[in-house]
Amino acid sequence: MRDLFGVVMLFGIYSLLTAALFMDLDAVDVAFTEAAVGAGVSTILLLSSLRLVGRHEKPHKHNPLLPLIVVGLTGAALIYGVSDAPLVGDPNAPAHQHVAPRYLNEGPQETGIPNVVTAVLASYRGYDTLGETVVVFTAGLAVLLLLGVTGTARQRDFGSDDDRKVQRQVVKTLIPYIMLFALYVQFHGDFGAGGGFQAGVIFAVGFVLYDLVFGHAHSRKVLPAQHLIRFGALGVLIYGGVGLYSLLVGKNFLDYTALAQDPVHGQHIGILLVELGVGLAVFSVITLIYSTFANRKVAQ
Amino acid sequence: MSLLIDILSGLLLAAGSLMCLTGGLGLLRLPDFFCRLHAASLNETLGTPLILLGLILQTGFDLDSIKLLLIGLFILATNPTATHAMSRAALHAGEKPLVDAQAQGESSSKS
């Protein structure tokens, strides 16, 4: 398929189907994140990058037979390896021994929040989530270093101000509710599906929507792109700062019991701050990547 | 009473699914971009809230039904806007609607 637009649409459909698959496997948080990131933001980012690279793939000169053989062999090896794996949901599988019973049995009591996924993500495996947040921030840094935020952004041809009345009115009405929903997802992650990643994505989508409909001239006044990386850095700083504070008080890195007198209360505070850091970092990086792609001068 | 609610919600779900299906059929079979857009979007904008209404009847009256209602309202607000945006984009890109040439000839000869 040479039409990259079709490829991007297929990616979006694939992500949506994967999200439905995750829902079927009872992984609601993962499905939420997959739908928001894969079927939502990724499609927008890929489409705005299509603006820069053109819609059709240039025909390649090499013979596709060798890559096909390599992919086929690798796939066959993977399937052979997976055939030995334990069945999904097998209680005797190694993944369900060791720490998983402790997370499931004592998680709600130790951390004080009902959603075990958030408890594992933000508390038991908080160090890994710090790594994820830094990776997201690094992606934003890489995009900035490679493409840069153009100071004089290209003014897209938006016609007159009357041109998009319907879209502007609807978007003006909807964006506050989108932001509210993002905040709801951020803080509701303790109890239901949600958390920092999803909330950051939804928050970013609000800003991307504003930029799409009102044009870069307006959205630059609302949120200048050069401040975005500072928000991202602030997010990582909050997350790492929580860990460092625990160190300074005398406990281990990212030990939330150092944050308050009562350990469970400390867990609450720690998870709140950490999810805030994650949400800030994700929001700023996604908005940054979008505005870098969408407002770059296209070399015509 | 609950049987009545079950039947009603089943009817709503069936109606909504039928609408979405016929919208998909129109998306595949109609000749022109604007016709396809018309079919897909109108049918979905009615079909999805119907399905959600059927689901609301199933879940009863609690927080989940409020969330479903909000989703339905959101779809009702954004689907037409997206259709509008798509048709404007298509017109801007130069896509012309398929007009019956004979009718065009007749109307121009009458006026």
# chains A, B, ... in the order shown; residues from 1 in each chain; ligands from 1
$ residues_around --residues "segment 67-71 of chain B" --least-positions-apart "2" --cutoff "9 Å" --atoms "only C-alpha atoms" --output "PDB file with C-alpha atoms, in the first residue's frame"
ATOM      1  CA  PRO B  49     -27.361   7.406  20.873  1.00  0.00           C
ATOM      2  CA  LEU B  52     -26.540   4.048  24.295  1.00  0.00           C
ATOM      3  CA  LEU B  53     -30.170   4.633  25.280  1.00  0.00           C
ATOM      4  CA  LEU B  55     -27.697   0.379  27.353  1.00  0.00           C
ATOM      5  CA  ILE B  56     -28.895   3.049  29.795  1.00  0.00           C
ATOM      6  CA  LEU B  63     -23.512   6.770  37.766  1.00  0.00           C
ATOM      7  CA  ASP B  64     -22.858   4.541  34.766  1.00  0.00           C
ATOM      8  CA  SER B  65     -26.086   5.606  33.075  1.00  0.00           C
ATOM      9  CA  LEU B  73     -24.750  13.922  24.144  1.00  0.00           C
ATOM     10  CA  PHE B  74     -21.110  14.252  23.160  1.00  0.00           C
ATOM     11  CA  ILE B  75     -21.663  12.096  20.073  1.00  0.00           C
ATOM     12  CA  LEU B  76     -24.758  14.119  19.155  1.00  0.00           C
TER      13      LEU B  76
END
$ residues_around --residues "segment 229-237 of chain A" --least-positions-apart "4" --cutoff "7 Å" --atoms "only C-alpha atoms" --output "list in words"
Thr133, Val134, Phe137, Gly241, Gly277, Val278, Leu280, Ala281, Ser284 and Val285 of chain A
$ atom_distance --atom1 "atom CA of Gly75 of chain A" --atom2 "atom CA of Leu47 of chain A"
29.1 Å
$ interface_residues --of "chain A" --to "chain B" --cutoff "8 Å" --atoms "only C-alpha atoms" --output "NGL selection string"
:A and (166-167 or 170)
$ write_last_selection --atoms "C-alpha atoms" --output "mmCIF file, in the first residue's frame"
data_model
loop_
_atom_site.group_PDB
_atom_site.id
_atom_site.type_symbol
_atom_site.label_atom_id
_atom_site.label_comp_id
_atom_site.auth_asym_id
_atom_site.auth_seq_id
_atom_site.Cartn_x
_atom_site.Cartn_y
_atom_site.Cartn_z
ATOM 1 C CA VAL A 166 -19.819 26.112 13.160
ATOM 2 C CA GLN A 167 -16.622 24.329 14.103
ATOM 3 C CA VAL A 170 -18.887 23.746 18.844
#
$ atom_distance --atom1 "atom CA of Val143 of chain A" --atom2 "atom CA of Ser42 of chain A"
14.8 Å
$ atom_distance --atom1 "atom CA of Gly240 of chain A" --atom2 "atom CA of Tyr256 of chain A"
12.2 Å
$ residues_around --residues "segment 270-273 of chain A" --least-positions-apart "3" --cutoff "9 Å" --atoms "only C-alpha atoms" --output "VMD selection string"
chain A and resid 111 118 to 119 122 to 123 126 187 190 238 to 239 242 254 to 257 259 265 to 267 276 to 278
$ residues_around --residues "Leu13 of chain B" --least-positions-apart "3" --cutoff "6 Å" --atoms "only C-alpha atoms" --output "PDB file with C-alpha atoms, in the first residue's frame"
ATOM      1  CA  GLY B  10     -33.623  -4.713  23.150  1.00  0.00           C
ATOM      2  CA  GLY B  16     -29.418   1.456  16.744  1.00  0.00           C
ATOM      3  CA  ILE B  51     -27.634   2.027  21.275  1.00  0.00           C
ATOM      4  CA  GLY B  54     -30.740   0.894  25.136  1.00  0.00           C
TER       5      GLY B  54
END
